[in-house]
Amino acid sequence: MRLARVCVSLGLALSVMTAAQAGNQSQTDCVSASDPDQQIRACTQLINQAGQADRFMAVAYFDRAVAHERQGDRARALSDYGDAIRRDPGLASAYYNRGRARGELGDLDGAMADYGDALRLAPAHANAFCSRGAVYGRKGESDQALADFERAIGLNPRHALAYFNRGLVYRDRGDLKAALADFDRAISLDPKRADAYSARAGVQARLGDVERASADTAQAARPLPAAAIWMSKAE
């Protein structure tokens with residue numbers, strides 16, 4: 001079962017401090033610089049300032065961790081998420097993002113623990129349910145995966161990745177009609193997901209609908225716009 005491993009792209013990992021709240025250029029760049037090197041420099045400057053409140057420092061570590069992830073440096077991101085959590089143990093976003101990074105590095109138990117902490121702090125975190133469901137799926141625990149995807153959909157009925165992942169669980173259980181319905185819904189919500197077209201093509205072929213399977217296979221092979229390609233790589 002090849003589930004989408006996380007249920008929010010890196011580019012949508014929301015900072016806990018907005019640019020509007022930032023009081024100087026370093027704070028603004030730490031939150032919103034488009035260049036990750038610039039963002040890391042700005043956050044490091046804030047972190048090195050003495051006498052800052054723990055909450056402020058947690059935000060700076062969190063945003064620097066996001067910048068490290070944008071560079072593909074998950075080891076440093078993990079370290080910074082850990083520092084953010086030590087400064088502010090109530091920062092649900094830091095647990096969620098660290099769980100995502102741990103999952104990408106193959107630490108499934110660590111990812112599960114972090115998603116659990118994120119949900120303890122933010123029980124309506126649909127992405128955390130969806131991402132934890134993906135970890136359950138990778139561990140072969142399909143009942144728990146299905147339950148988490150259903151919780152994610154209950155919290156956010158427009159969660160395309162939750163529908164896609166739930167469809168994969170249904171497909172692997174042999175419930176092809178339920179899988180097809182979920183892939184249909186995922187594609188209607190996110191028409192650029194090539195993996196959803198490919199998965200739907202496989203189900204349609206198994207149901208004997210060769211014409212529609214062929215059309216979806218062709219759709220899955222179409223090149224995506226640059227923005228969509230970046231989003232897929234970040235997931």
# chains A, B, ... in the order shown; residues from 1 in each chain; ligands from 1
call {"tool": "residues_around", "arguments": {"residues": "Gly167 in chain A", "least_positions_apart": "2", "cutoff": "8 Å", "atoms": "only C-alpha atoms", "output": "ChimeraX atom specification"}}
result
/A:163-165,169-171,178-183
call {"tool": "residues_around", "arguments": {"residues": "range 23-30 of chain A", "least_positions_apart": "2", "cutoff": "6 Å", "atoms": "only C-alpha atoms", "output": "mmCIF file with C-alpha atoms, in the first residue's frame"}}
result
data_model
loop_
_atom_site.group_PDB
_atom_site.id
_atom_site.type_symbol
_atom_site.label_atom_id
_atom_site.label_comp_id
_atom_site.auth_asym_id
_atom_site.auth_seq_id
_atom_site.Cartn_x
_atom_site.Cartn_y
_atom_site.Cartn_z
ATOM 1 C CA ALA A 19 4.829 38.564 9.017
ATOM 2 C CA SER A 32 8.464 34.815 5.228
ATOM 3 C CA ALA A 33 11.722 35.030 3.261
ATOM 4 C CA GLN A 39 15.367 32.715 6.223
ATOM 5 C CA ALA A 42 17.429 35.754 9.893
ATOM 6 C CA CYS A 43 16.164 33.092 12.290
#
call {"tool": "residues_around", "arguments": {"residues": "Leu121 in chain A", "least_positions_apart": "2", "cutoff": "12 Å", "atoms": "only C-alpha atoms", "output": "list of chain:residue names"}}
result
A:Asp88, A:Pro89, A:Gly90, A:Leu91, A:Ala92, A:Ser93, A:Ala94, A:Tyr95, A:Tyr96, A:Asp114, A:Tyr115, A:Gly116, A:Asp117, A:Ala118, A:Leu119, A:Pro123, A:Ala124, A:His125, A:Ala128
call {"tool": "closest_residue", "arguments": {"among": "A:Ala194, A:Ala199, A:Met112, A:Cys130", "to": "Ala213 in chain A", "atoms": "only C-alpha atoms"}}
result
A:Ala199
call {"tool": "residues_around", "arguments": {"residues": "range 47-51 of chain A", "least_positions_apart": "6", "cutoff": "10 Å", "atoms": "only C-alpha atoms", "output": "list in words"}}
result
Arg41, Met57, Ala58, Val59, Ala60, Tyr61 and Arg64 of chain A
call {"tool": "closest_residue", "arguments": {"among": "A:Arg158, A:Arg132, A:Arg212, A:Lys177", "to": "Asp109 in chain A", "atoms": "only C-alpha atoms"}}
result
A:Arg132
call {"tool": "atom_distance", "arguments": {"atom1": "CA of Pro191 in chain A", "atom2": "CA of Ile153 in chain A"}}
result
17.9 Å
call {"tool": "decode", "arguments": {"residues": "range 76-92 of chain A", "atoms": "C-alpha atoms", "output": "PDB file, in the first residue's frame"}}
result
ATOM      1  CA  ARG A  76      18.930  19.988  11.130  1.00  0.00           C
ATOM      2  CA  ALA A  77      15.191  20.456  10.855  1.00  0.00           C
ATOM      3  CA  LEU A  78      14.656  17.710  13.442  1.00  0.00           C
ATOM      4  CA  SER A  79      17.117  19.377  15.790  1.00  0.00           C
ATOM      5  CA  ASP A  80      15.388  22.745  15.463  1.00  0.00           C
ATOM      6  CA  TYR A  81      11.906  21.288  15.905  1.00  0.00           C
ATOM      7  CA  GLY A  82      13.183  19.639  19.071  1.00  0.00           C
ATOM      8  CA  ASP A  83      14.503  22.987  20.338  1.00  0.00           C
ATOM      9  CA  ALA A  84      11.176  24.633  19.492  1.00  0.00           C
ATOM     10  CA  ILE A  85       9.336  21.989  21.513  1.00  0.00           C
ATOM     11  CA  ARG A  86      11.705  22.365  24.469  1.00  0.00           C
ATOM     12  CA  ARG A  87      11.063  26.112  24.450  1.00  0.00           C
ATOM     13  CA  ASP A  88       7.301  25.709  24.043  1.00  0.00           C
ATOM     14  CA  PRO A  89       5.953  22.189  24.756  1.00  0.00           C
ATOM     15  CA  GLY A  90       2.490  23.340  23.698  1.00  0.00           C
ATOM     16  CA  LEU A  91       3.479  24.080  20.093  1.00  0.00           C
ATOM     17  CA  ALA A  92       1.366  21.561  18.165  1.00  0.00           C
TER      18      ALA A  92
END
